[in-house]
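Containing mmCIF, C-alpha atoms and all ligand atoms: data12.cif.
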data_start
#
loop_
_atom_site.label_atom_id
_atom_site.label_comp_id
_atom_site.auth_asym_id
_atom_site.auth_seq_id
_atom_site.Cartn_x
_atom_site.Cartn_y
_atom_site.Cartn_z
CA MET A 888 -31.47 -103.70 -25.60
CA LYS A 889 -27.80 -104.25 -26.17
CA LEU A 890 -25.72 -104.90 -23.09
CA TYR A 891 -22.21 -103.79 -22.29
CA GLU A 892 -19.61 -106.53 -22.08
CA PHE A 893 -19.50 -106.33 -18.27
CA GLU A 894 -23.29 -106.69 -18.05
CA GLY A 895 -23.26 -109.65 -20.43
CA LYS A 896 -20.56 -111.30 -18.40
CA GLU A 897 -22.63 -110.94 -15.23
CA ILE A 898 -25.30 -113.03 -16.93
CA PHE A 899 -22.71 -115.56 -18.08
CA LYS A 900 -21.33 -115.86 -14.59
CA GLU A 901 -24.78 -116.43 -13.18
CA ALA A 902 -25.36 -119.08 -15.86
CA GLY A 903 -22.20 -120.91 -14.77
CA ILE A 904 -20.04 -119.96 -17.75
CA ALA A 905 -16.46 -119.12 -16.74
CA VAL A 906 -15.41 -115.48 -17.24
CA PRO A 907 -12.09 -113.84 -16.42
CA ALA A 908 -11.64 -112.36 -12.94
CA SER A 909 -12.41 -108.67 -13.26
CA VAL A 910 -13.13 -105.31 -11.74
CA ALA A 911 -15.18 -102.56 -13.38
CA VAL A 912 -14.92 -98.79 -13.46
CA THR A 913 -18.41 -97.48 -14.07
CA GLU A 914 -17.85 -93.79 -13.32
CA LYS A 915 -15.00 -91.45 -14.07
CA GLU A 916 -15.25 -90.22 -10.47
CA GLN A 917 -13.92 -93.58 -9.34
CA MET A 918 -10.55 -92.88 -10.97
CA HIS A 919 -9.03 -91.12 -7.97
CA LEU A 920 -9.74 -94.26 -6.00
CA PHE A 921 -8.27 -96.48 -8.71
CA ALA A 922 -5.18 -97.51 -6.76
CA THR A 923 -6.99 -97.93 -3.45
CA LEU A 924 -9.80 -99.95 -4.95
CA PHE A 925 -7.78 -102.17 -7.22
CA THR A 926 -4.47 -102.83 -5.46
CA PRO A 927 -5.71 -106.18 -4.11
CA PHE A 928 -6.83 -107.20 -7.62
CA PHE A 929 -3.44 -106.36 -9.13
CA LYS A 930 -1.67 -108.30 -6.39
CA GLN A 931 -3.50 -111.37 -7.64
CA HIS A 932 -3.36 -110.51 -11.34
CA PRO A 933 -0.22 -108.59 -12.27
CA GLU A 934 -1.05 -108.78 -16.00
CA VAL A 935 -4.39 -107.34 -17.02
CA VAL A 936 -6.48 -106.30 -20.01
CA VAL A 937 -8.12 -102.86 -19.78
CA LYS A 938 -11.22 -102.90 -21.97
CA ALA A 939 -13.20 -99.81 -22.97
CA GLN A 940 -16.91 -100.58 -22.67
CA THR A 941 -18.73 -99.66 -25.86
CA LEU A 942 -21.94 -101.05 -27.24
CA ALA A 943 -20.35 -101.38 -30.67
CA GLY A 944 -17.96 -104.28 -31.24
CA GLY A 945 -14.55 -104.28 -32.86
CA ARG A 946 -12.77 -102.60 -29.99
CA GLY A 947 -9.65 -104.67 -30.47
CA LYS A 948 -9.10 -103.22 -33.93
CA ALA A 949 -10.25 -99.73 -32.93
CA GLY A 950 -7.72 -99.48 -30.09
CA GLY A 951 -10.12 -99.98 -27.20
CA ILE A 952 -8.27 -102.90 -25.60
CA ALA A 953 -4.98 -102.41 -23.74
CA PHE A 954 -2.75 -105.11 -22.31
CA CYS A 955 -1.05 -103.80 -19.20
CA GLN A 956 1.43 -104.91 -16.61
CA LYS A 957 1.01 -103.62 -13.10
CA LEU A 958 -1.30 -101.03 -11.67
CA THR A 959 0.62 -98.00 -12.98
CA GLU A 960 0.31 -99.02 -16.63
CA ALA A 961 -3.35 -99.87 -16.17
CA THR A 962 -4.00 -96.47 -14.57
CA VAL A 963 -2.49 -94.71 -17.58
CA ALA A 964 -4.60 -96.82 -19.99
CA ALA A 965 -7.75 -96.24 -17.95
CA GLU A 966 -7.21 -92.50 -17.98
CA ARG A 967 -6.56 -92.57 -21.70
CA PHE A 968 -9.80 -94.46 -22.40
CA LEU A 969 -12.24 -92.63 -20.16
CA GLY A 970 -13.97 -89.79 -21.99
CA LYS A 971 -12.43 -90.87 -25.30
CA GLN A 972 -14.50 -91.12 -28.50
CA LEU A 973 -14.40 -94.71 -29.65
CA LEU A 974 -16.65 -96.37 -32.26
CA ASN A 975 -18.96 -93.32 -32.18
CA GLU A 976 -19.36 -93.48 -28.42
CA THR A 977 -17.91 -91.66 -25.47
CA VAL A 978 -16.29 -94.20 -23.21
CA THR A 979 -17.60 -93.91 -19.64
CA LYS A 980 -16.99 -97.43 -18.36
CA LEU A 981 -14.09 -99.85 -18.26
CA LEU A 982 -13.66 -103.50 -17.54
CA ILE A 983 -10.31 -104.56 -16.13
CA GLU A 984 -9.64 -108.27 -16.42
CA GLU A 985 -6.94 -110.74 -15.61
CA LYS A 986 -5.01 -111.44 -18.80
CA LEU A 987 -5.71 -114.97 -19.95
CA ALA A 988 -3.03 -117.16 -21.45
CA ILE A 989 -4.99 -117.98 -24.59
CA ALA A 990 -4.11 -121.06 -26.67
CA GLU A 991 -7.07 -121.01 -29.05
CA GLU A 992 -9.93 -118.62 -29.81
CA TYR A 993 -13.32 -120.02 -30.72
CA TYR A 994 -16.50 -118.30 -31.83
CA LEU A 995 -19.78 -119.25 -30.17
CA GLY A 996 -23.10 -117.56 -30.74
CA ILE A 997 -26.85 -118.08 -30.62
CA MET A 998 -29.09 -115.80 -32.67
CA PHE A 999 -32.80 -115.77 -33.06
CA SER A 1000 -33.47 -116.12 -36.79
CA GLN A 1001 -36.48 -114.15 -38.02
CA GLU A 1002 -36.50 -116.22 -41.20
CA GLN A 1003 -36.42 -119.63 -39.57
CA ARG A 1004 -38.32 -118.49 -36.49
CA CYS A 1005 -36.03 -120.33 -34.14
CA PRO A 1006 -32.65 -119.83 -32.48
CA VAL A 1007 -29.61 -120.73 -34.56
CA LEU A 1008 -26.36 -121.99 -33.02
CA ILE A 1009 -23.25 -120.58 -34.66
CA ILE A 1010 -19.84 -121.98 -33.88
CA SER A 1011 -16.34 -121.85 -35.29
CA LYS A 1012 -12.87 -123.00 -34.34
CA GLN A 1013 -11.53 -119.86 -36.01
CA GLY A 1014 -12.88 -117.25 -33.62
CA GLY A 1015 -11.28 -113.97 -32.62
CA MET A 1016 -11.06 -110.55 -34.15
CA ASP A 1017 -10.97 -111.76 -37.75
CA ILE A 1018 -14.24 -113.70 -37.63
CA GLU A 1019 -15.81 -111.45 -40.31
CA GLU A 1020 -12.96 -112.25 -42.65
CA VAL A 1021 -13.34 -115.97 -41.90
CA GLY A 1022 -17.02 -115.62 -42.80
CA VAL A 1023 -16.17 -114.11 -46.17
CA LYS A 1024 -13.10 -116.13 -47.15
CA THR A 1025 -13.80 -119.51 -45.60
CA PRO A 1026 -17.49 -119.60 -44.68
CA GLU A 1027 -17.36 -123.39 -44.34
CA LEU A 1028 -15.39 -122.90 -41.12
CA ILE A 1029 -18.44 -121.33 -39.48
CA VAL A 1030 -21.17 -123.85 -38.72
CA ARG A 1031 -24.78 -122.74 -38.32
CA GLU A 1032 -27.44 -125.09 -37.07
CA SER A 1033 -31.07 -124.34 -36.23
CA ILE A 1034 -32.16 -125.29 -32.74
CA ASN A 1035 -35.44 -127.11 -32.35
CA TYR A 1036 -37.29 -125.45 -29.47
CA LEU A 1037 -38.77 -128.70 -28.22
CA GLN A 1038 -35.50 -130.61 -28.33
CA GLY A 1039 -33.21 -127.82 -27.16
CA VAL A 1040 -29.47 -128.45 -27.33
CA ASP A 1041 -29.17 -132.12 -26.38
CA ASP A 1042 -26.04 -134.24 -26.59
CA HIS A 1043 -26.94 -135.78 -29.91
CA PHE A 1044 -27.47 -132.36 -31.54
CA LEU A 1045 -24.28 -130.95 -30.04
CA ASP A 1046 -22.15 -133.97 -31.00
CA THR A 1047 -23.20 -133.49 -34.62
CA VAL A 1048 -22.56 -129.74 -34.61
CA LEU A 1049 -19.17 -129.98 -32.93
CA LYS A 1050 -18.06 -132.68 -35.32
CA LYS A 1051 -19.12 -130.54 -38.28
CA ALA A 1052 -17.15 -127.64 -36.87
CA GLY A 1053 -14.05 -129.83 -36.56
CA PHE A 1054 -13.73 -130.00 -32.79
CA THR A 1055 -11.84 -133.07 -31.71
CA GLN A 1056 -10.98 -132.13 -28.16
CA GLN A 1057 -12.69 -130.48 -25.21
CA GLN A 1058 -16.04 -131.71 -26.47
CA THR A 1059 -17.62 -132.39 -23.10
CA ALA A 1060 -16.53 -129.02 -21.74
CA LEU A 1061 -17.71 -127.25 -24.91
CA LYS A 1062 -21.07 -128.96 -24.78
CA GLY A 1063 -21.42 -127.78 -21.20
CA VAL A 1064 -20.75 -124.15 -22.19
CA ILE A 1065 -23.25 -124.31 -25.06
CA LYS A 1066 -25.94 -125.81 -22.84
CA LYS A 1067 -25.45 -123.10 -20.23
CA LEU A 1068 -25.44 -120.41 -22.89
CA TYR A 1069 -28.65 -121.72 -24.41
CA ALA A 1070 -30.30 -121.82 -20.98
CA ALA A 1071 -29.32 -118.17 -20.44
CA PHE A 1072 -30.53 -117.31 -23.95
CA ILE A 1073 -33.98 -118.68 -23.09
CA ALA A 1074 -34.10 -117.41 -19.51
CA TYR A 1075 -33.28 -113.83 -20.55
CA ASP A 1076 -35.29 -113.74 -23.79
CA MET A 1077 -32.16 -112.91 -25.75
CA LYS A 1078 -32.32 -111.96 -29.39
CA MET A 1079 -28.67 -112.81 -29.74
CA VAL A 1080 -25.64 -113.75 -27.71
CA GLU A 1081 -22.08 -114.00 -28.85
CA ILE A 1082 -18.87 -115.12 -27.17
CA ASN A 1083 -15.97 -114.12 -29.35
CA PRO A 1084 -13.51 -115.25 -28.40
CA LEU A 1085 -14.44 -118.21 -26.30
CA ALA A 1086 -10.88 -118.76 -25.13
CA LEU A 1087 -9.27 -122.13 -24.63
CA THR A 1088 -6.47 -121.31 -22.21
CA LYS A 1089 -3.10 -123.00 -22.06
CA THR A 1090 -4.37 -124.83 -18.98
CA LYS A 1091 -7.31 -126.12 -21.09
CA GLN A 1092 -10.03 -124.04 -19.52
CA LEU A 1093 -12.86 -122.59 -21.60
CA ILE A 1094 -13.39 -118.95 -20.64
CA ALA A 1095 -15.67 -116.33 -22.18
CA ALA A 1096 -13.23 -113.54 -23.00
CA ASP A 1097 -15.90 -111.29 -24.50
CA ALA A 1098 -19.68 -110.94 -24.34
CA VAL A 1099 -22.22 -109.47 -26.73
CA VAL A 1100 -25.83 -109.80 -25.57
CA VAL A 1101 -28.97 -108.29 -27.09
CA LEU A 1102 -32.15 -108.70 -25.05
CA ASP A 1103 -35.68 -108.56 -26.43
CA ASP A 1104 -37.20 -105.36 -25.01
CA ALA A 1105 -40.73 -106.77 -25.27
CA ALA A 1106 -39.80 -109.27 -22.55
CA GLN A 1107 -38.42 -106.64 -20.18
CA TYR A 1108 -41.00 -107.43 -17.49
CA ARG A 1109 -39.52 -110.92 -17.20
CA TRP A 1110 -35.84 -109.99 -16.96
CA LYS A 1111 -34.27 -111.03 -13.72
CA LYS A 1112 -31.93 -108.03 -13.71
CA SER A 1113 -32.56 -104.44 -14.64
CA PHE A 1114 -30.24 -102.42 -16.83
CA PRO A 1115 -30.07 -98.63 -17.23
CA ASP A 1116 -32.00 -97.37 -20.28
CA ARG A 1117 -29.97 -96.66 -23.37
CA VAL A 1118 -30.77 -95.37 -26.82
CA GLY A 1119 -29.68 -96.63 -30.19
CA VAL A 1120 -26.06 -97.51 -30.28
CA GLY A 1121 -23.83 -95.87 -27.87
CA ARG A 1122 -25.16 -94.17 -24.81
CA GLU A 1123 -27.55 -94.07 -21.93
CA LEU A 1124 -30.51 -91.67 -21.89
CA THR A 1125 -29.98 -87.97 -21.26
CA GLU A 1126 -31.96 -86.17 -18.57
CA ARG A 1127 -34.16 -84.58 -21.26
CA GLU A 1128 -34.81 -87.94 -22.92
CA ARG A 1129 -35.90 -89.39 -19.62
CA GLU A 1130 -38.17 -86.42 -18.97
CA ALA A 1131 -39.82 -86.70 -22.40
CA HIS A 1132 -40.46 -90.42 -21.95
CA LYS A 1133 -42.00 -89.73 -18.56
CA ILE A 1134 -44.53 -87.33 -20.11
CA ASP A 1135 -45.74 -90.16 -22.26
CA GLU A 1136 -45.70 -92.82 -19.57
CA GLN A 1137 -47.74 -90.74 -17.13
CA ASP A 1138 -50.60 -89.96 -19.53
CA HIS A 1139 -52.00 -92.62 -21.83
CA ARG A 1140 -53.91 -90.18 -24.07
CA GLY A 1141 -52.21 -90.01 -27.46
CA VAL A 1142 -48.44 -90.09 -27.85
CA ALA A 1143 -46.04 -87.29 -26.95
CA GLY A 1144 -42.41 -87.86 -26.08
CA ARG A 1145 -42.26 -91.64 -26.36
CA THR A 1146 -39.66 -90.93 -28.99
CA TYR A 1147 -37.30 -88.14 -28.00
CA ILE A 1148 -33.65 -88.07 -28.96
CA ASP A 1149 -31.07 -85.43 -28.11
CA LEU A 1150 -28.79 -84.66 -31.04
CA ASP A 1151 -25.92 -82.24 -31.39
CA GLY A 1152 -27.33 -79.63 -33.80
CA ASP A 1153 -29.23 -76.39 -33.20
CA ILE A 1154 -32.77 -76.89 -34.59
CA GLY A 1155 -35.51 -78.27 -32.34
CA ILE A 1156 -37.95 -80.64 -34.04
CA LEU A 1157 -41.50 -81.51 -33.05
CA ALA A 1158 -42.65 -84.03 -35.65
CA SER A 1159 -45.86 -85.95 -36.16
CA GLY A 1160 -44.06 -89.28 -36.39
CA GLY A 1161 -43.97 -92.00 -39.00
CA GLY A 1162 -41.77 -92.44 -42.03
CA ALA A 1163 -42.60 -89.00 -43.41
CA SER A 1164 -40.95 -87.38 -40.39
CA ILE A 1165 -37.74 -89.26 -41.02
CA THR A 1166 -37.83 -88.19 -44.67
CA CYS A 1167 -38.26 -84.62 -43.42
CA VAL A 1168 -35.20 -84.89 -41.18
CA ASP A 1169 -33.24 -86.22 -44.16
CA ALA A 1170 -34.42 -83.18 -46.15
CA LEU A 1171 -33.38 -80.85 -43.34
CA LEU A 1172 -29.93 -82.43 -43.20
CA SER A 1173 -29.57 -82.20 -46.98
CA TYR A 1174 -30.17 -78.44 -46.80
CA GLY A 1175 -27.51 -78.14 -44.11
CA GLY A 1176 -29.87 -77.95 -41.12
CA LYS A 1177 -28.72 -79.72 -37.94
CA PRO A 1178 -31.30 -81.16 -35.52
CA ALA A 1179 -30.74 -80.38 -31.84
CA ASN A 1180 -33.32 -82.94 -30.91
CA TYR A 1181 -36.10 -84.96 -32.47
CA THR A 1182 -39.42 -85.84 -30.93
CA GLU A 1183 -42.87 -86.96 -32.01
CA TYR A 1184 -46.44 -86.33 -30.95
CA SER A 1185 -49.38 -88.08 -32.59
CA GLY A 1186 -52.66 -89.89 -31.96
CA ASN A 1187 -54.35 -86.70 -30.71
CA PRO A 1188 -52.50 -86.10 -27.44
CA PRO A 1189 -54.03 -83.48 -25.12
CA GLU A 1190 -52.82 -79.89 -25.01
CA GLU A 1191 -50.97 -80.27 -21.71
CA LYS A 1192 -48.98 -83.26 -22.88
CA VAL A 1193 -47.80 -81.41 -25.98
CA GLU A 1194 -47.05 -78.34 -23.85
CA GLN A 1195 -44.81 -80.33 -21.53
CA LEU A 1196 -43.03 -81.92 -24.47
CA THR A 1197 -42.47 -78.53 -26.10
CA ARG A 1198 -40.91 -77.31 -22.86
CA VAL A 1199 -38.47 -80.22 -22.97
CA VAL A 1200 -37.62 -79.45 -26.61
CA LEU A 1201 -37.06 -75.76 -25.81
CA SER A 1202 -34.92 -76.54 -22.76
CA LYS A 1203 -32.12 -77.74 -25.01
CA PRO A 1204 -29.39 -75.10 -24.89
CA GLY A 1205 -28.15 -73.50 -28.11
CA LEU A 1206 -31.32 -73.56 -30.24
CA TRP A 1207 -31.39 -71.38 -33.38
CA GLY A 1208 -34.70 -72.56 -34.78
CA LEU A 1209 -37.78 -74.72 -34.24
CA TRP A 1210 -39.58 -76.91 -36.74
CA ILE A 1211 -43.11 -78.15 -36.16
CA ILE A 1212 -43.56 -80.59 -38.96
CA GLY A 1213 -46.26 -83.04 -39.94
CA GLY A 1214 -48.45 -84.23 -42.78
CA THR A 1215 -52.22 -83.98 -42.78
CA ALA A 1216 -53.53 -85.59 -39.62
CA ASN A 1217 -56.62 -87.77 -39.65
CA PHE A 1218 -57.77 -87.25 -36.11
CA THR A 1219 -55.09 -85.36 -34.21
CA ARG A 1220 -56.65 -81.95 -33.40
CA ILE A 1221 -54.23 -79.46 -34.88
CA ASP A 1222 -55.69 -76.56 -32.88
CA GLU A 1223 -55.54 -78.42 -29.53
CA THR A 1224 -51.99 -79.62 -30.02
CA MET A 1225 -50.91 -76.19 -31.33
CA LYS A 1226 -52.32 -74.60 -28.16
CA GLY A 1227 -49.97 -76.81 -26.16
CA ILE A 1228 -47.00 -75.77 -28.26
CA LEU A 1229 -47.95 -72.09 -28.05
CA ASN A 1230 -48.39 -72.20 -24.27
CA ALA A 1231 -44.74 -73.19 -23.96
CA LEU A 1232 -43.54 -70.77 -26.64
CA GLU A 1233 -45.40 -67.83 -25.09
CA ASP A 1234 -43.64 -68.52 -21.79
CA GLU A 1235 -40.19 -68.93 -23.29
CA LEU A 1236 -40.53 -66.24 -25.99
CA PRO A 1237 -37.65 -67.44 -28.16
CA GLU A 1238 -36.39 -65.01 -30.77
CA PHE A 1239 -35.34 -67.62 -33.33
CA PRO A 1240 -37.46 -68.53 -36.36
CA ILE A 1241 -40.24 -71.08 -35.95
CA VAL A 1242 -41.55 -72.90 -39.01
CA VAL A 1243 -44.86 -74.77 -38.80
CA ARG A 1244 -46.09 -77.04 -41.57
CA ARG A 1245 -49.21 -78.91 -40.63
CA GLY A 1246 -52.69 -79.90 -41.78
CA GLY A 1247 -55.70 -81.72 -40.37
CA PRO A 1248 -58.76 -81.23 -38.15
CA GLY A 1249 -58.95 -77.70 -36.73
CA GLU A 1250 -56.13 -76.38 -38.89
CA LYS A 1251 -57.87 -73.07 -39.60
CA GLU A 1252 -58.28 -72.43 -35.88
CA ALA A 1253 -54.66 -73.47 -35.36
CA PHE A 1254 -53.37 -71.05 -37.97
CA ALA A 1255 -55.45 -68.28 -36.37
CA LEU A 1256 -53.79 -69.07 -33.02
CA LEU A 1257 -50.37 -68.96 -34.65
CA GLU A 1258 -51.15 -65.61 -36.26
CA ALA A 1259 -52.33 -64.22 -32.92
CA ALA A 1260 -49.16 -65.41 -31.15
CA LYS A 1261 -47.07 -63.87 -33.89
CA GLN A 1262 -48.78 -60.49 -33.51
CA GLU A 1263 -49.12 -60.45 -29.77
CA HIS A 1264 -45.83 -61.98 -28.66
CA LYS A 1265 -43.67 -61.01 -31.64
CA LEU A 1266 -42.75 -64.65 -32.15
CA ASP A 1267 -41.05 -65.20 -35.52
CA ILE A 1268 -43.58 -67.80 -36.69
CA HIS A 1269 -43.94 -68.87 -40.32
CA TYR A 1270 -46.79 -71.27 -40.94
CA PHE A 1271 -47.78 -73.35 -43.93
CA ASP A 1272 -50.66 -75.69 -44.70
CA ASP A 1273 -50.55 -78.84 -46.82
CA THR A 1274 -50.16 -76.90 -50.06
CA THR A 1275 -46.49 -76.48 -49.10
CA PRO A 1276 -44.57 -79.76 -49.38
CA MET A 1277 -43.09 -80.85 -46.06
CA THR A 1278 -39.56 -81.02 -47.43
CA VAL A 1279 -39.90 -77.49 -48.85
CA SER A 1280 -40.58 -76.24 -45.33
CA ALA A 1281 -37.18 -77.73 -44.39
CA LYS A 1282 -35.48 -75.44 -46.90
CA ILE A 1283 -37.52 -72.45 -45.70
CA LEU A 1284 -36.45 -73.13 -42.11
CA VAL A 1285 -32.77 -73.59 -42.93
CA ASP A 1286 -32.74 -70.30 -44.88
CA LEU A 1287 -34.46 -68.50 -42.01
CA VAL A 1288 -32.06 -69.97 -39.45
CA ASN A 1289 -29.04 -68.96 -41.51
CA ALA A 1290 -30.37 -65.43 -41.94
CA TYR A 1291 -31.09 -65.23 -38.21
CA LYS A 1292 -27.58 -66.40 -37.33
CA LYS A 1293 -26.08 -63.77 -39.64
CA LYS A 1294 -28.25 -61.07 -38.11
CA GLN A 1295 -27.18 -62.05 -34.60
CA GLU A 1296 -23.53 -62.04 -35.63
CA ASN A 1297 -23.83 -58.55 -37.14
CA LYS A 1298 -25.56 -57.37 -34.01
CA LYS A 1299 -22.74 -58.74 -31.90
CA GLY A 1300 -20.24 -57.05 -34.18
CA ARG A 1301 -22.04 -53.75 -33.89
CA ASN A 1302 -22.22 -54.04 -30.14
CA ALA A 1303 -18.48 -54.54 -30.02
CA VAL A 1304 -17.97 -51.38 -32.05
CA ASP A 1305 -20.51 -49.50 -29.96
CA LYS A 1306 -18.68 -50.39 -26.78
CA ARG A 1307 -15.46 -48.85 -28.03
CA PHE A 1308 -17.20 -45.53 -28.42
CA VAL A 1309 -18.97 -45.54 -25.11
P1 LIG B 1 -13.80 -106.80 -29.48
O1 LIG B 1 -12.69 -106.48 -30.42
O2 LIG B 1 -14.67 -105.60 -29.21
O3 LIG B 1 -14.60 -107.98 -29.90
O4 LIG B 1 -13.12 -107.12 -28.06
P2 LIG B 1 -12.64 -108.50 -27.39
O5 LIG B 1 -13.07 -108.50 -26.00
O6 LIG B 1 -13.07 -109.68 -28.20
O7 LIG B 1 -11.07 -108.37 -27.41
C1 LIG B 1 -10.35 -108.31 -28.62
C2 LIG B 1 -9.25 -109.32 -28.63
O8 LIG B 1 -8.37 -109.13 -27.55
C3 LIG B 1 -9.73 -110.76 -28.49
O9 LIG B 1 -10.14 -111.30 -29.71
C4 LIG B 1 -8.50 -111.45 -27.94
O10 LIG B 1 -7.65 -111.84 -28.98
C5 LIG B 1 -7.81 -110.37 -27.14
N1 LIG B 1 -8.07 -110.56 -25.71
C6 LIG B 1 -9.12 -110.14 -25.00
N2 LIG B 1 -9.00 -110.53 -23.72
C7 LIG B 1 -7.84 -111.21 -23.61
C8 LIG B 1 -7.15 -111.86 -22.55
O11 LIG B 1 -7.58 -111.89 -21.41
N3 LIG B 1 -5.97 -112.44 -22.85
C9 LIG B 1 -5.43 -112.41 -24.09
N4 LIG B 1 -4.26 -112.99 -24.33
N5 LIG B 1 -6.06 -111.82 -25.11
C10 LIG B 1 -7.24 -111.22 -24.89
MN MN B 2 -14.93 -109.87 -29.27
#
Could you write out this structure as structure tokens?
Amino acid sequence: MKLYEFEGKEIFKEAGIAVPASVAVTEKEQMHLFATLFTPFFKQHPEVVVKAQTLAGGRGKAGGIAFCQKLTEATVAAERFLGKQLLNETVTKLLIEEKLAIAEEYYLGIMFSQEQRCPVLIISKQGGMDIEEVGVKTPELIVRESINYLQGVDDHFLDTVLKKAGFTQQQTALKGVIKKLYAAFIAYDMKMVEINPLALTKTKQLIAADAVVVLDDAAQYRWKKSFPDRVGVGRELTEREREAHKIDEQDHRGVAGRTYIDLDGDIGILASGGGASITCVDALLSYGGKPANYTEYSGNPPEEKVEQLTRVVLSKPGLWGLWIIGGTANFTRIDETMKGILNALEDELPEFPIVVRRGGPGEKEAFALLEAAKQEHKLDIHYFDDTTPMTVSAKILVDLVNAYKKKQENKKGRNAVDKRFV
């Protein structure tokens, strides 16, 4: 799990690493209280930095950092940032910090290396926003040193690293920061931590001006703090995502809803999981189809679990089609799982096209159920067995969805005409 800067800095603070004085805006609703809440802070810190909280880095260059004087300027910046699209995310949180008088910007990081199977300390005197460029043009200015788990970061190790990196001053203070950072890295089971810049202020203090922290999800039960769930890069879970995950957590039989992602298209997807499903989504996209959501069920989940998941998929507003896609299952009962899907569909009775491409145990029975639902409930179901390639069913669905959209538009047009004559 990747943490926001303000969450990372909470860990730093707890670890004894200096961070700028700050206040956070975590909800847009707080904005009307902005002046009331923060007047005391601005009395102490007339110059501030307003920082949009995104999980992606590079905010400085993307315009997500504003230097402001006084409360009024900061209010304008805060209002400009909140709700804005930045680095593929919608900004919902801000960190407002005292502006540091920075003399030098260092880079300090610890990453767990999969290759070396140990943490690696990374440090450079040339930190700041151009660190990537430093890495390309003058890689020798970035020092990387593997950390021996048994030894940790002792004085001898750190003296050698700091010398290599060209540090001639502030060594004791720097060593202190690295030791604290390494302790936090271990205590929180971090996969990586980065302070860029680690600022040396004009008054010679070392302060973490930024924080990037990635925690190892497998160690979640040991974390000392809890953080709201978030998916991929960029946002916290939607209500539907939470609901789908709950279906899976509450029933250990098979998998249904462990993976559920809301997307911004108009085709619901119930996939069987695995790499083939991702290839199918790629195929759908290549034919111009746009997923509204994506979820998986596999490992022979019971009917009711699949039914609940289908209800979540169908609850997404603005659906124009549904795709039930999977290869040939080994032991997932196709008839049982299809019953679950049909239970939900027969309640909702959507008019849009539904394409099913599936094979495996009980497929004949499943296809019979689909045929019955089609006849009885007038559902627009099109089903295919494993003689139709999965990606071909993507094209079939996209064509059906487009035809359905056109039909609906014509209908609307006709209605408009009709009304004039009524
Ligand atoms: P990033 O671009 O997402 O990594 O965001 P940072 O938090 O690293 O901020 C970008 C840049 O803004 C930093 O590299 C600093 O140069 C500058 N910056 C951030 N905070 C301060 C501050 O308190 N004082 C000053 N003078 N500069 C700052
Ligand atoms: Mn940074």
Counting all atoms listed in the file, which residues have an atom no more than 7 Å from (-32.9, -104.9, -29.7) in the file's coordinates? Please list them as a list of chain:residue names. A:Met888, A:Lys889, A:Val1101, A:Leu1102, A:Asp1103, A:Asp1104
What do you get as a compact mmCIF listing (two decimals) with C-alpha atoms, in the coordinates of the input if you pick all residues at most 9 Å from ligand LIG 1 (chain B), counting all atoms listed in the file?
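Heads up, here's the output in selection.txt:
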# COMPACT_ATOMS: atom_id res chain seq x y z
CA GLU A 892 -19.61 -106.53 -22.08
CA PRO A 907 -12.09 -113.84 -16.42
CA VAL A 935 -4.39 -107.34 -17.02
CA VAL A 936 -6.48 -106.30 -20.01
CA VAL A 937 -8.12 -102.86 -19.78
CA LYS A 938 -11.22 -102.90 -21.97
CA ALA A 939 -13.20 -99.81 -22.97
CA GLN A 940 -16.91 -100.58 -22.67
CA THR A 941 -18.73 -99.66 -25.86
CA LEU A 942 -21.94 -101.05 -27.24
CA ALA A 943 -20.35 -101.38 -30.67
CA GLY A 944 -17.96 -104.28 -31.24
CA GLY A 945 -14.55 -104.28 -32.86
CA ARG A 946 -12.77 -102.60 -29.99
CA GLY A 947 -9.65 -104.67 -30.47
CA LYS A 948 -9.10 -103.22 -33.93
CA ALA A 949 -10.25 -99.73 -32.93
CA GLY A 950 -7.72 -99.48 -30.09
CA GLY A 951 -10.12 -99.98 -27.20
CA ILE A 952 -8.27 -102.90 -25.60
CA ALA A 953 -4.98 -102.41 -23.74
CA PHE A 954 -2.75 -105.11 -22.31
CA GLU A 984 -9.64 -108.27 -16.42
CA GLU A 985 -6.94 -110.74 -15.61
CA LYS A 986 -5.01 -111.44 -18.80
CA LEU A 987 -5.71 -114.97 -19.95
CA ALA A 988 -3.03 -117.16 -21.45
CA ILE A 989 -4.99 -117.98 -24.59
CA ALA A 990 -4.11 -121.06 -26.67
CA GLU A 992 -9.93 -118.62 -29.81
CA GLY A 1014 -12.88 -117.25 -33.62
CA GLY A 1015 -11.28 -113.97 -32.62
CA MET A 1016 -11.06 -110.55 -34.15
CA ASP A 1017 -10.97 -111.76 -37.75
CA ILE A 1082 -18.87 -115.12 -27.17
CA ASN A 1083 -15.97 -114.12 -29.35
CA PRO A 1084 -13.51 -115.25 -28.40
CA LEU A 1085 -14.44 -118.21 -26.30
CA ALA A 1086 -10.88 -118.76 -25.13
CA THR A 1088 -6.47 -121.31 -22.21
CA ALA A 1095 -15.67 -116.33 -22.18
CA ALA A 1096 -13.23 -113.54 -23.00
CA ASP A 1097 -15.90 -111.29 -24.50
CA ALA A 1098 -19.68 -110.94 -24.34
CA VAL A 1099 -22.22 -109.47 -26.73
Dig up all the protein and nucleic acid residues within 8 Å of (-47.0, -80.4, -38.7) in the file frame, using all atoms listed in the file, and format them as an MDAnalysis selection string. chainID A and resid 1157:1159 1211:1215 1243:1246
Record the distance separating CA of Glu1032 in chain A and CA of Phe1054 in chain A, expressed in Å with one decimal.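 For CA of Glu1032 in chain A relative to CA of Phe1054 in chain A, the distance reads 15.2 Å.
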One-decimal distance in Å that lies between CA of Leu974 in chain A and CA of Asp1169 in chain A: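 A separation of 22.8 Å between them.
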